[in-house]
Every structure is written in structure tokens, then in C-alpha cells.
file entry.cif (mmCIF, C-alpha atoms and all ligand atoms)
data_run
#
loop_
_atom_site.label_atom_id
_atom_site.label_comp_id
_atom_site.auth_asym_id
_atom_site.auth_seq_id
_atom_site.Cartn_x
_atom_site.Cartn_y
_atom_site.Cartn_z
CA MET A 222 115.65 68.49 63.88
CA SER A 223 116.26 69.66 67.41
CA ASP A 224 118.52 72.67 67.95
CA PHE A 225 119.79 71.13 71.18
CA LYS A 226 123.57 71.49 71.53
CA GLN A 227 125.36 69.20 73.91
CA ILE A 228 127.60 70.93 76.42
CA LYS A 229 131.25 69.89 76.83
CA GLN A 230 131.75 71.13 80.37
CA PHE A 231 129.65 72.05 83.40
CA LYS A 232 130.68 74.82 85.75
CA ALA A 233 130.28 74.56 89.55
CA VAL A 234 128.77 77.64 91.19
CA ASN A 235 131.50 79.40 93.16
CA TRP A 236 130.27 81.68 95.94
CA ASP A 237 133.83 82.82 96.63
CA GLN A 238 133.79 84.58 93.29
CA VAL A 239 130.63 86.60 93.04
CA ASN A 240 130.60 88.98 90.08
CA ASP A 241 127.44 90.82 91.07
CA ALA A 242 127.28 91.79 94.75
CA ILE A 243 123.50 92.23 94.42
CA ASP A 244 123.16 88.46 93.89
CA LYS A 245 124.89 87.73 97.17
CA ALA A 246 123.10 90.49 99.10
CA THR A 247 119.72 89.26 97.81
CA TRP A 248 120.50 85.64 98.65
CA GLU A 249 121.41 86.69 102.19
CA LYS A 250 118.35 88.88 102.59
CA LEU A 251 115.99 86.17 101.34
CA THR A 252 117.46 83.34 103.37
CA GLU A 253 117.49 85.55 106.47
CA GLN A 254 113.78 86.27 106.12
CA PHE A 255 112.75 82.66 105.41
CA TRP A 256 109.44 81.68 107.03
CA LEU A 257 106.71 79.04 106.89
CA ASP A 258 102.94 79.51 107.01
CA THR A 259 102.44 76.66 109.47
CA ARG A 260 104.14 78.63 112.22
CA ILE A 261 101.61 81.46 112.34
CA PRO A 262 98.66 80.79 114.70
CA VAL A 263 95.85 81.83 112.33
CA SER A 264 93.22 80.19 114.55
CA ASN A 265 93.71 83.07 117.01
CA ASP A 266 91.82 85.20 114.47
CA MET A 267 88.59 83.19 114.70
CA ASP A 268 86.92 85.66 117.09
CA ASP A 269 87.61 88.56 114.71
CA TRP A 270 86.44 86.49 111.74
CA ARG A 271 83.07 85.82 113.37
CA THR A 272 82.46 89.56 113.74
CA LEU A 273 82.60 90.09 109.93
CA ASP A 274 79.36 90.08 107.96
CA GLU A 275 78.83 87.81 104.97
CA ASP A 276 80.01 90.38 102.37
CA HIS A 277 83.26 91.05 104.19
CA GLN A 278 83.90 87.33 104.74
CA TRP A 279 83.27 86.79 101.03
CA LEU A 280 85.78 89.52 100.22
CA VAL A 281 88.53 88.08 102.44
CA GLY A 282 88.09 84.58 100.99
CA HIS A 283 88.09 85.73 97.38
CA VAL A 284 91.01 88.16 97.54
CA PHE A 285 93.02 85.24 98.91
CA GLY A 286 91.75 83.03 96.09
CA GLY A 287 93.09 85.59 93.61
CA LEU A 288 96.41 85.84 95.40
CA THR A 289 96.73 82.03 95.42
CA LEU A 290 96.40 82.03 91.64
CA LEU A 291 99.09 84.68 91.14
CA ASP A 292 101.53 82.97 93.49
CA THR A 293 100.86 79.71 91.66
CA VAL A 294 101.83 81.42 88.39
CA GLN A 295 105.05 82.68 89.95
CA SER A 296 105.98 79.33 91.48
CA GLU A 297 105.16 77.23 88.42
CA GLN A 298 106.11 79.45 85.47
CA GLY A 299 107.50 82.81 86.58
CA MET A 300 110.85 81.90 88.02
CA ALA A 301 111.39 79.01 85.60
CA SER A 302 111.06 81.45 82.71
CA LEU A 303 113.50 83.97 84.20
CA ARG A 304 116.00 81.20 84.93
CA GLN A 305 116.49 80.65 81.21
CA THR A 306 118.32 83.94 80.73
CA VAL A 307 120.38 84.54 83.87
CA ARG A 308 123.55 86.63 83.81
CA THR A 309 125.27 84.69 86.62
CA GLN A 310 125.02 81.29 88.29
CA HIS A 311 124.30 83.07 91.57
CA GLU A 312 121.24 84.59 89.95
CA THR A 313 119.99 81.05 89.30
CA ALA A 314 120.41 80.27 92.99
CA VAL A 315 118.47 83.40 93.97
CA LEU A 316 115.67 82.54 91.53
CA ASN A 317 115.53 79.01 92.97
CA ASN A 318 115.01 80.51 96.41
CA ILE A 319 112.30 82.81 95.08
CA GLN A 320 110.56 79.94 93.31
CA PHE A 321 110.33 77.89 96.50
CA MET A 322 109.02 80.86 98.49
CA GLU A 323 106.33 81.43 95.85
CA SER A 324 105.14 77.89 96.61
CA VAL A 325 105.11 78.77 100.33
CA HIS A 326 103.06 81.89 99.54
CA ALA A 327 100.57 79.96 97.42
CA LYS A 328 100.22 77.34 100.15
CA SER A 329 99.86 79.86 102.97
CA TYR A 330 96.45 81.03 101.69
CA SER A 331 95.22 77.47 102.06
CA THR A 332 96.39 77.56 105.68
CA ILE A 333 94.17 80.63 106.12
CA PHE A 334 91.22 79.02 104.28
CA SER A 335 91.37 75.81 106.22
CA THR A 336 91.22 77.79 109.46
CA LEU A 337 88.53 80.36 108.60
CA ASN A 338 86.37 78.73 105.91
CA THR A 339 84.20 75.64 105.63
CA PRO A 340 85.09 72.95 103.04
CA ASP A 341 82.16 74.08 100.87
CA GLN A 342 83.31 77.69 100.99
CA ILE A 343 86.85 76.64 100.09
CA SER A 344 85.61 74.68 97.06
CA GLU A 345 83.59 77.69 95.93
CA ILE A 346 86.59 80.02 96.31
CA PHE A 347 88.79 77.75 94.15
CA GLU A 348 86.03 77.32 91.59
CA TRP A 349 85.71 81.11 91.38
CA THR A 350 89.49 81.58 91.19
CA ASP A 351 89.83 79.12 88.33
CA THR A 352 87.05 80.74 86.29
CA GLU A 353 86.66 84.46 87.20
CA GLU A 354 87.17 86.37 83.95
CA PHE A 355 89.30 89.34 85.04
CA LEU A 356 91.39 87.33 87.46
CA GLN A 357 92.05 84.70 84.78
CA ASN A 358 92.86 87.50 82.28
CA LYS A 359 95.84 88.69 84.25
CA ALA A 360 97.12 85.22 85.16
CA VAL A 361 96.79 83.96 81.60
CA ARG A 362 98.28 87.11 80.02
CA ILE A 363 101.38 86.97 82.23
CA THR A 364 101.78 83.19 82.01
CA ASN A 365 101.64 83.24 78.22
CA MET A 366 104.42 85.81 78.19
CA TYR A 367 106.49 83.59 80.46
CA MET A 368 105.94 80.48 78.37
CA ASP A 369 106.30 81.94 74.86
CA PRO A 370 109.91 81.37 73.68
CA THR A 371 109.59 84.22 71.14
CA VAL A 372 108.93 86.86 73.82
CA ASP A 373 111.94 89.10 74.58
CA PRO A 374 113.45 87.94 77.94
CA LEU A 375 113.52 91.57 79.12
CA LYS A 376 109.77 91.80 78.59
CA LYS A 377 109.37 88.68 80.73
CA LYS A 378 111.16 90.55 83.51
CA VAL A 379 108.76 93.49 83.09
CA ALA A 380 105.80 91.09 83.34
CA ASN A 381 107.38 89.59 86.44
CA VAL A 382 107.85 92.95 88.17
CA PHE A 383 104.34 94.09 87.23
CA LEU A 384 102.97 90.95 88.83
CA GLU A 385 105.14 91.22 91.95
CA THR A 386 104.83 94.93 92.63
CA PHE A 387 101.49 95.86 91.06
CA LEU A 388 99.00 93.05 90.40
CA PHE A 389 99.14 91.55 93.90
CA TYR A 390 98.04 94.75 95.58
CA SER A 391 94.31 94.67 94.86
CA GLY A 392 94.39 91.58 97.07
CA PHE A 393 96.80 92.85 99.73
CA PHE A 394 94.55 95.84 100.44
CA THR A 395 92.00 93.80 102.41
CA PRO A 396 94.27 92.19 105.04
CA LEU A 397 96.21 95.46 105.44
CA TYR A 398 92.94 97.30 105.99
CA TYR A 399 91.99 94.84 108.73
CA LEU A 400 95.45 95.02 110.26
CA GLY A 401 95.06 98.81 110.43
CA HIS A 402 91.84 98.19 112.39
CA ASN A 403 93.57 95.68 114.65
CA LYS A 404 91.61 92.74 113.22
CA LEU A 405 92.75 89.42 111.72
CA ASN A 406 96.27 90.13 112.97
CA ASN A 407 97.62 86.64 112.36
CA VAL A 408 96.25 86.52 108.82
CA ALA A 409 97.83 89.93 108.29
CA GLU A 410 101.11 88.62 109.65
CA ILE A 411 101.21 86.03 106.86
CA ILE A 412 100.42 88.73 104.31
CA LYS A 413 103.13 90.98 105.65
CA LEU A 414 105.68 88.19 105.39
CA ILE A 415 104.57 87.64 101.79
CA LEU A 416 104.71 91.36 101.09
CA ARG A 417 108.20 91.59 102.49
CA ASP A 418 109.29 88.78 100.14
CA GLU A 419 107.55 90.34 97.12
CA SER A 420 109.28 93.60 97.84
CA VAL A 421 112.71 91.94 97.52
CA HIS A 422 111.61 89.89 94.47
CA GLY A 423 110.35 92.97 92.60
CA THR A 424 113.46 94.99 93.40
CA TYR A 425 115.82 92.19 92.38
CA VAL A 426 114.17 91.30 89.08
CA GLY A 427 113.76 95.03 88.34
CA TYR A 428 117.48 95.49 88.91
CA LYS A 429 118.32 92.66 86.51
CA PHE A 430 115.97 94.24 83.98
CA GLN A 431 117.82 97.55 84.29
CA LEU A 432 121.16 95.84 83.57
CA GLY A 433 119.71 94.46 80.34
CA MET A 434 118.04 97.75 79.44
CA LYS A 435 121.40 99.57 79.65
CA GLU A 436 122.78 97.30 76.94
CA LEU A 437 120.12 98.38 74.43
CA THR A 438 120.48 101.23 71.92
CA ASP A 439 118.56 104.47 72.54
CA ASN A 440 115.92 103.46 70.00
CA GLN A 441 115.51 100.01 71.50
CA GLN A 442 115.19 101.55 74.95
CA GLN A 443 112.46 103.88 73.70
CA ASP A 444 110.59 100.94 72.13
CA MET A 445 110.86 99.01 75.39
CA LYS A 446 109.49 101.98 77.36
CA ASP A 447 106.58 102.47 74.96
CA TRP A 448 105.73 98.80 75.16
CA MET A 449 106.01 98.77 78.95
CA TYR A 450 103.67 101.73 79.52
CA ASN A 451 101.11 100.29 77.08
CA PHE A 452 101.28 96.94 78.83
CA LEU A 453 100.79 98.65 82.19
CA TYR A 454 97.71 100.48 80.88
CA GLU A 455 96.31 97.21 79.59
CA LEU A 456 96.84 95.52 82.95
CA TYR A 457 95.44 98.51 84.83
CA ASP A 458 92.31 98.49 82.70
CA ASN A 459 91.74 94.84 83.61
CA GLU A 460 92.62 95.55 87.24
CA GLU A 461 89.88 98.19 87.45
CA ARG A 462 87.30 95.60 86.48
CA TYR A 463 88.72 92.95 88.79
CA THR A 464 88.75 95.41 91.71
CA SER A 465 85.17 96.36 91.03
CA ILE A 466 84.05 92.73 91.19
CA LEU A 467 85.77 92.23 94.52
CA TYR A 468 85.09 95.53 96.23
CA ASP A 469 81.87 97.16 94.95
CA LYS A 470 79.79 95.28 97.48
CA VAL A 471 81.70 96.74 100.45
CA GLY A 472 82.21 100.16 98.82
CA TRP A 473 86.03 100.21 98.85
CA THR A 474 86.68 100.17 95.08
CA GLU A 475 87.98 103.74 94.68
CA GLU A 476 90.33 103.43 97.66
CA VAL A 477 91.71 100.17 96.32
CA LEU A 478 92.29 101.71 92.89
CA THR A 479 94.31 104.54 94.46
CA PHE A 480 96.40 101.92 96.24
CA ILE A 481 97.05 99.92 93.08
CA ARG A 482 97.99 103.03 91.08
CA TYR A 483 100.46 103.89 93.82
CA ASN A 484 101.93 100.39 93.52
CA ALA A 485 101.98 100.55 89.71
CA ASN A 486 104.29 103.55 90.12
CA LYS A 487 106.48 101.50 92.45
CA ALA A 488 106.69 98.73 89.86
CA LEU A 489 107.87 101.30 87.29
CA MET A 490 110.40 102.57 89.81
CA ASN A 491 111.76 99.03 90.25
CA LEU A 492 112.24 98.97 86.49
CA GLY A 493 114.09 102.32 86.58
CA GLN A 494 111.19 104.24 84.99
CA ASP A 495 109.21 107.37 85.83
CA PRO A 496 105.82 107.07 87.54
CA LEU A 497 102.70 106.96 85.37
CA PHE A 498 99.98 107.93 87.85
CA PRO A 499 99.75 111.06 90.04
CA ASP A 500 98.94 108.99 93.16
CA THR A 501 101.51 109.01 95.97
CA ALA A 502 101.70 107.45 99.44
CA LYS A 503 99.80 110.48 100.79
CA ASP A 504 96.75 109.59 98.67
CA VAL A 505 96.51 106.03 100.00
CA ASN A 506 94.23 105.28 102.96
CA PRO A 507 96.60 105.96 105.94
CA ILE A 508 95.27 102.90 107.77
CA VAL A 509 96.49 100.70 104.93
CA MET A 510 99.85 102.49 104.71
CA ASN A 511 100.18 102.03 108.43
CA GLY A 512 99.60 98.30 107.95
CA ILE A 513 102.44 98.21 105.43
CA SER A 514 104.91 100.19 107.47
CA THR A 515 104.70 98.43 110.84
CA THR A 516 107.45 95.87 111.20
CA THR A 517 106.37 92.25 111.35
CA ALA A 518 105.56 90.84 114.73
CA ASN A 519 106.91 87.42 113.86
CA HIS A 520 109.28 87.23 116.81
CA ASP A 521 106.26 86.89 119.09
CA PHE A 522 104.52 84.45 116.80
CA PHE A 523 107.56 82.29 116.25
CA SER A 524 108.32 82.18 119.94
CA GLN A 525 105.05 80.23 120.36
CA VAL A 526 106.52 77.40 118.34
CA GLY A 527 108.99 76.38 121.00
CA ASN A 528 110.82 73.75 118.99
CA GLY A 529 114.24 75.29 119.26
CA TYR A 530 114.06 76.46 115.64
CA ARG A 531 116.01 79.67 115.66
CA LEU A 532 115.42 82.39 113.13
CA GLY A 533 117.80 85.09 112.06
CA GLU A 534 116.97 88.66 112.95
CA VAL A 535 114.56 89.99 110.37
CA GLU A 536 113.54 93.49 109.47
CA ALA A 537 111.46 95.16 106.79
CA MET A 538 113.21 95.71 103.45
CA GLU A 539 114.50 99.21 102.92
CA GLU A 540 115.86 100.85 99.83
CA ASN A 541 119.36 101.24 101.20
CA ASP A 542 119.57 97.46 101.70
CA TYR A 543 120.50 97.50 98.04
CA PHE A 544 123.44 99.87 98.41
CA VAL A 545 126.10 97.21 98.67
CA ALA A 546 129.77 97.60 97.92
CA ASP A 547 131.01 96.49 94.54
CA PRO A 548 133.59 93.73 95.18
CA ASN A 549 135.65 95.06 92.25
CA ASP A 550 136.00 98.47 93.95
CA LYS A 551 139.05 98.04 96.11
FE FE B 1 104.67 85.45 96.08
FE FE B 2 107.33 87.01 94.52
#
call {"tool": "encode", "arguments": {"input": "entry.cif", "output": "C-alpha cells"}}
result
Amino acid sequence: MSDFKQIKQFKAVNWDQVNDAIDKATWEKLTEQFWLDTRIPVSNDMDDWRTLDEDHQWLVGHVFGGLTLLDTVQSEQGMASLRQTVRTQHETAVLNNIQFMESVHAKSYSTIFSTLNTPDQISEIFEWTDTEEFLQNKAVRITNMYMDPTVDPLKKKVANVFLETFLFYSGFFTPLYYLGHNKLNNVAEIIKLILRDESVHGTYVGYKFQLGMKELTDNQQQDMKDWMYNFLYELYDNEERYTSILYDKVGWTEEVLTFIRYNANKALMNLGQDPLFPDTAKDVNPIVMNGISTTTANHDFFSQVGNGYRLGEVEAMEENDYFVADPNDK
């Protein structure tokens, strides 16, 4: 027996009646910052690439392999799982936008590979990505939460925010480090566009989580918090091992771990929770923080396209972008 219930009526999404102003603000932000990987001239980075030794080239290729896997999870399972428990039809539209951009992110690493790496190297990177134990651990752990219908939908949102705002950052460290040293600037441009998207995704899903959290009893909220912090520890433990595999050879492991603890705190902040680790922005390598804070240079890059494709003005996401007026406050 199926528990499928036929619907009697279908409701058209009405953007003239938006119940949650955050849905509309997020839709506008995301569509305004739309981009495509094919418009960034990665081949301009070939001279920089040739100056890297074998260990550093290996690192760049494999962090992008790991990031490809995580963006694949988000595009194939992440958003589909969140879409099952939306609060508004506009939220569905926002999640649709996010899902497509996750496919753009996943594809953009291939644009980088096909420019910098040989076909044999690319095959090896994908083979590694599909089998590396600690990378697979995180992808499989999160995906199983997404796909399991018995998992609390709020916990799926926590998994989503941990992926968006925490688990990506062991990979983002490398291109940001090079950007801070004025190397691989076009590769970094792609990463910064991805990072700007992830920042909105993590904030938005975290906000929807907080709405659901408020509806729980005090005891249920405490249980959710306990579960969340344990889950974060579990993921961090795995992340330490993953980071070590990627970074021991070049000696950056400790610096990367500081950076990911800083981002774990940000993920908790997106979920309305207190930080877990003592690390703050001041503890992170300033060259990497500098890479994060500079605004994207995409105006210059896009102007090379010359096909009359006009982009909206874009700027880095800031916290007060989320202070939008409540339409019910008149
Ligand atoms: Fe992504
Ligand atoms: Fe994302």
C-alpha cells in the first residue's frame, strides 16, 4: 500500500504575495550574482601554474577534486531533500536556484582541470575523489542524512549548513592562499564566486532552520543543540584526517585546521548557535583572510567576453543584506 494522497488543487506561486521577505531578498541576491564558469579566462593562469612544484600542483588538483564531490552532493541530493519541507512556495524557487548553481560550481572545477591538468592527471584526480576514505566519509555521511526519510528535516538543514559553511573550507584554503600571493588569480576568481554563493546559501538555509527551531519546546531545542554539537565534532574529527592527507606534504595542515575551525563557528552562527572553537578571524592566516575579503574582480573578467551579455552590479555578501523590512510591518 502506498501512502500517496492525490491532491485536489494546485497553487500557482504568487510573487505579489510574499509571506517571508527573506525569500524575496535571497532570490534577488542570488539572481543578481549569477555567473558561469566558462566566462572566466582560467588559461591566463598557466604561467603561474608552471611555477608550482609537483606537490603544490597535486594539492591544487586534489582540493578541487574534493570540492567537486561536495558540490555534486549539493546539486544532486542536498537541495532536493530540503525542497521536501519548505515553508513557502518562494522557498522552493530559491532552492531551485541554489540547486542549479551547485551544478555550475561542480562543473567549474572541471573547467579548471581541463585548463591546468593533463587528461591522465584528471582521471587520477577523479579516481582519488571517488575513493579517498575521509573525503568519501563526509560526502556519504551527509548524503545519507539527506536521503533518509526518517531523519528530522531540521537535522537535514543542519547537515546542509555544515556542508556549505564548514566542510568546503579545507578546499577553499588553497586557492585563497594563492590569491593572497597574487597567483592563480583567475582560478581564485571562480572560487570567490563560489564562496560568495555558498555564503548566501548557508545564511538562507540557516535562517530557515532557526524558524523551525523556534517552534520546538525547550527540551526539544536542547536535544537539537546536543545533537548538532556532537555531529560537528564528528565531522571535525574526520576533517582533521582529510586535511592531513591533503596538506601534510606542503606543511600547511595546522593553518588549514585553524581556518576550518573558524568556519565551523560561522556555520554555528548561521544556525543561531554559539561558537564551539576559540579560533577567530585574527587567528587565520591574514593572507587567506585577505583573499576572502577582497571584492571579486569579475567586472574586468566579464568585460573580456564582449557578447553584449550584461550583468547586474554585484558585491560581496554582507550581514546587513539580510536586514530586510517585514512586508507585514506597515
Ligand atoms: Fe556550491
Ligand atoms: Fe551551496
call {"tool": "residues_around", "arguments": {"input": "entry.cif", "residues": "Thr350 in chain A", "least_positions_apart": "3", "cutoff": "6 Å", "atoms": "only C-alpha atoms", "output": "VMD selection string"}}
result
chain A and resid 286 to 287 347 353
call {"tool": "residues_near_ligand", "arguments": {"input": "entry.cif", "ligand": "ligand FE 1 (chain B)", "cutoff": "8 Å", "atoms": "all atoms listed in the file", "output": "list in words"}}
result
Leu291, Asp292, Gln295, Ser296, Met322, Glu323, Ser324, Val325, His326, Ala327, Glu385, Ile415, Leu416, Asp418 and Glu419 of chain A
call {"tool": "atom_distance", "arguments": {"input": "entry.cif", "atom1": "CA of Thr252 in chain A", "atom2": "CA of Lys328 in chain A"}}
result
18.5 Å
call {"tool": "residues_around", "arguments": {"input": "entry.cif", "residues": "Lys487 in chain A", "least_positions_apart": "2", "cutoff": "10 Å", "atoms": "only C-alpha atoms", "output": "short mmCIF file (atom, residue, chain, number, x, y, z; two decimals) with C-alpha atoms, keeping the file's coordinate frame"}}
result
data_model
loop_
_atom_site.label_atom_id
_atom_site.label_comp_id
_atom_site.auth_asym_id
_atom_site.auth_seq_id
_atom_site.Cartn_x
_atom_site.Cartn_y
_atom_site.Cartn_z
CA VAL A 382 107.85 92.95 88.17
CA PHE A 383 104.34 94.09 87.23
CA THR A 386 104.83 94.93 92.63
CA PHE A 387 101.49 95.86 91.06
CA SER A 420 109.28 93.60 97.84
CA GLY A 423 110.35 92.97 92.60
CA THR A 424 113.46 94.99 93.40
CA ILE A 481 97.05 99.92 93.08
CA ARG A 482 97.99 103.03 91.08
CA TYR A 483 100.46 103.89 93.82
CA ASN A 484 101.93 100.39 93.52
CA ALA A 485 101.98 100.55 89.71
CA LEU A 489 107.87 101.30 87.29
CA MET A 490 110.40 102.57 89.81
CA ASN A 491 111.76 99.03 90.25
CA LEU A 492 112.24 98.97 86.49
CA GLY A 493 114.09 102.32 86.58
CA GLN A 494 111.19 104.24 84.99
CA ASP A 495 109.21 107.37 85.83
CA PRO A 496 105.82 107.07 87.54
CA LEU A 497 102.70 106.96 85.37
CA THR A 501 101.51 109.01 95.97
#
call {"tool": "closest_residue", "arguments": {"input": "entry.cif", "among": "A:Asp369, A:Asp258, A:Asp274, A:Glu297", "to": "ligand FE 2 (chain B)", "atoms": "all atoms listed in the file"}}
result
A:Glu297
call {"tool": "residues_around", "arguments": {"input": "entry.cif", "residues": "Asn365 in chain A", "least_positions_apart": "6", "cutoff": "12 Å", "atoms": "only C-alpha atoms", "output": "list in words"}}
result
Val294, Gln298, Gly299, Ser302, Gln357, Asn358, Lys359, Thr371, Val372, Lys376, Lys377, Ala380 and Asn381 of chain A
call {"tool": "residues_near_point", "arguments": {"input": "entry.cif", "point": "(92.6, 101.8, 108.8)", "cutoff": "12 Å", "atoms": "all atoms listed in the file", "output": "short mmCIF file (atom, residue, chain, number, x, y, z; two decimals) with C-alpha atoms, in the frame of the given file"}}
result
data_model
loop_
_atom_site.label_atom_id
_atom_site.label_comp_id
_atom_site.auth_asym_id
_atom_site.auth_seq_id
_atom_site.Cartn_x
_atom_site.Cartn_y
_atom_site.Cartn_z
CA PHE A 394 94.55 95.84 100.44
CA THR A 395 92.00 93.80 102.41
CA PRO A 396 94.27 92.19 105.04
CA LEU A 397 96.21 95.46 105.44
CA TYR A 398 92.94 97.30 105.99
CA TYR A 399 91.99 94.84 108.73
CA LEU A 400 95.45 95.02 110.26
CA GLY A 401 95.06 98.81 110.43
CA HIS A 402 91.84 98.19 112.39
CA ASN A 403 93.57 95.68 114.65
CA LYS A 404 91.61 92.74 113.22
CA GLU A 476 90.33 103.43 97.66
CA VAL A 505 96.51 106.03 100.00
CA ASN A 506 94.23 105.28 102.96
CA PRO A 507 96.60 105.96 105.94
CA ILE A 508 95.27 102.90 107.77
CA VAL A 509 96.49 100.70 104.93
CA MET A 510 99.85 102.49 104.71
CA ASN A 511 100.18 102.03 108.43
CA GLY A 512 99.60 98.30 107.95
CA ILE A 513 102.44 98.21 105.43
#
call {"tool": "atom_distance", "arguments": {"input": "entry.cif", "atom1": "CA of Thr313 in chain A", "atom2": "CA of Ile243 in chain A"}}
result
12.8 Å
call {"tool": "closest_residue", "arguments": {"input": "entry.cif", "among": "A:Asp351, A:Asp224, A:Glu345, A:Asp276", "to": "Tyr468 in chain A", "atoms": "all atoms listed in the file"}}
result
A:Asp276
call {"tool": "closest_residue", "arguments": {"input": "entry.cif", "among": "A:Leu273, A:Leu280, A:Val307, A:Ala502", "to": "Trp473 in chain A", "atoms": "all atoms listed in the file"}}
result
A:Leu280
call {"tool": "atom_distance", "arguments": {"input": "entry.cif", "atom1": "CA of Asp237 in chain A", "atom2": "CA of Gln320 in chain A"}}
result
23.7 Å
call {"tool": "closest_residue", "arguments": {"input": "entry.cif", "among": "A:Gly392, A:Thr332, A:Leu405, A:Lys429", "to": "Lys378 in chain A", "atoms": "all atoms listed in the file"}}
result
A:Lys429
call {"tool": "closest_residue", "arguments": {"input": "entry.cif", "among": "A:Phe389, A:Trp236, A:Phe285, A:Tyr330", "to": "ligand FE 2 (chain B)", "atoms": "only C-alpha atoms and all ligand atoms"}}
result
A:Phe389
call {"tool": "closest_residue", "arguments": {"input": "entry.cif", "among": "A:Phe321, A:Tyr457, A:Phe452, A:Tyr390", "to": "Leu251 in chain A", "atoms": "only C-alpha atoms"}}
result
A:Phe321
call {"tool": "build_atoms", "arguments": {"input": "entry.cif", "residues": "range 406-419 of chain A", "atoms": "N, CA and C atoms", "output": "compact mmCIF listing (two decimals), in the coordinates of the input"}}
result
# COMPACT_ATOMS: atom_id res chain seq x y z
N ASN A 406 94.84 89.81 112.89
CA ASN A 406 96.27 90.13 112.97
C ASN A 406 97.18 88.99 112.53
N ASN A 407 96.75 87.76 112.75
CA ASN A 407 97.62 86.64 112.36
C ASN A 407 97.56 86.40 110.86
N VAL A 408 96.37 86.56 110.29
CA VAL A 408 96.25 86.52 108.82
C VAL A 408 97.14 87.62 108.22
N ALA A 409 97.04 88.80 108.80
CA ALA A 409 97.83 89.93 108.29
C ALA A 409 99.33 89.66 108.42
N GLU A 410 99.69 88.93 109.47
CA GLU A 410 101.11 88.62 109.65
C GLU A 410 101.63 87.79 108.47
N ILE A 411 100.83 86.82 108.04
CA ILE A 411 101.21 86.03 106.86
C ILE A 411 101.36 86.95 105.65
N ILE A 412 100.39 87.84 105.48
CA ILE A 412 100.42 88.73 104.31
C ILE A 412 101.63 89.65 104.36
N LYS A 413 101.97 90.10 105.55
CA LYS A 413 103.13 90.98 105.65
C LYS A 413 104.43 90.25 105.36
N LEU A 414 104.49 88.97 105.73
CA LEU A 414 105.68 88.19 105.39
C LEU A 414 105.77 87.99 103.88
N ILE A 415 104.61 87.78 103.25
CA ILE A 415 104.57 87.64 101.79
C ILE A 415 104.99 88.97 101.14
N LEU A 416 104.42 90.04 101.64
CA LEU A 416 104.71 91.36 101.09
C LEU A 416 106.20 91.71 101.19
N ARG A 417 106.77 91.33 102.31
CA ARG A 417 108.20 91.59 102.49
C ARG A 417 109.02 90.81 101.46
N ASP A 418 108.61 89.57 101.19
CA ASP A 418 109.29 88.78 100.14
C ASP A 418 109.09 89.44 98.78
N GLU A 419 107.84 89.79 98.46
CA GLU A 419 107.55 90.34 97.12
C GLU A 419 108.34 91.62 96.89
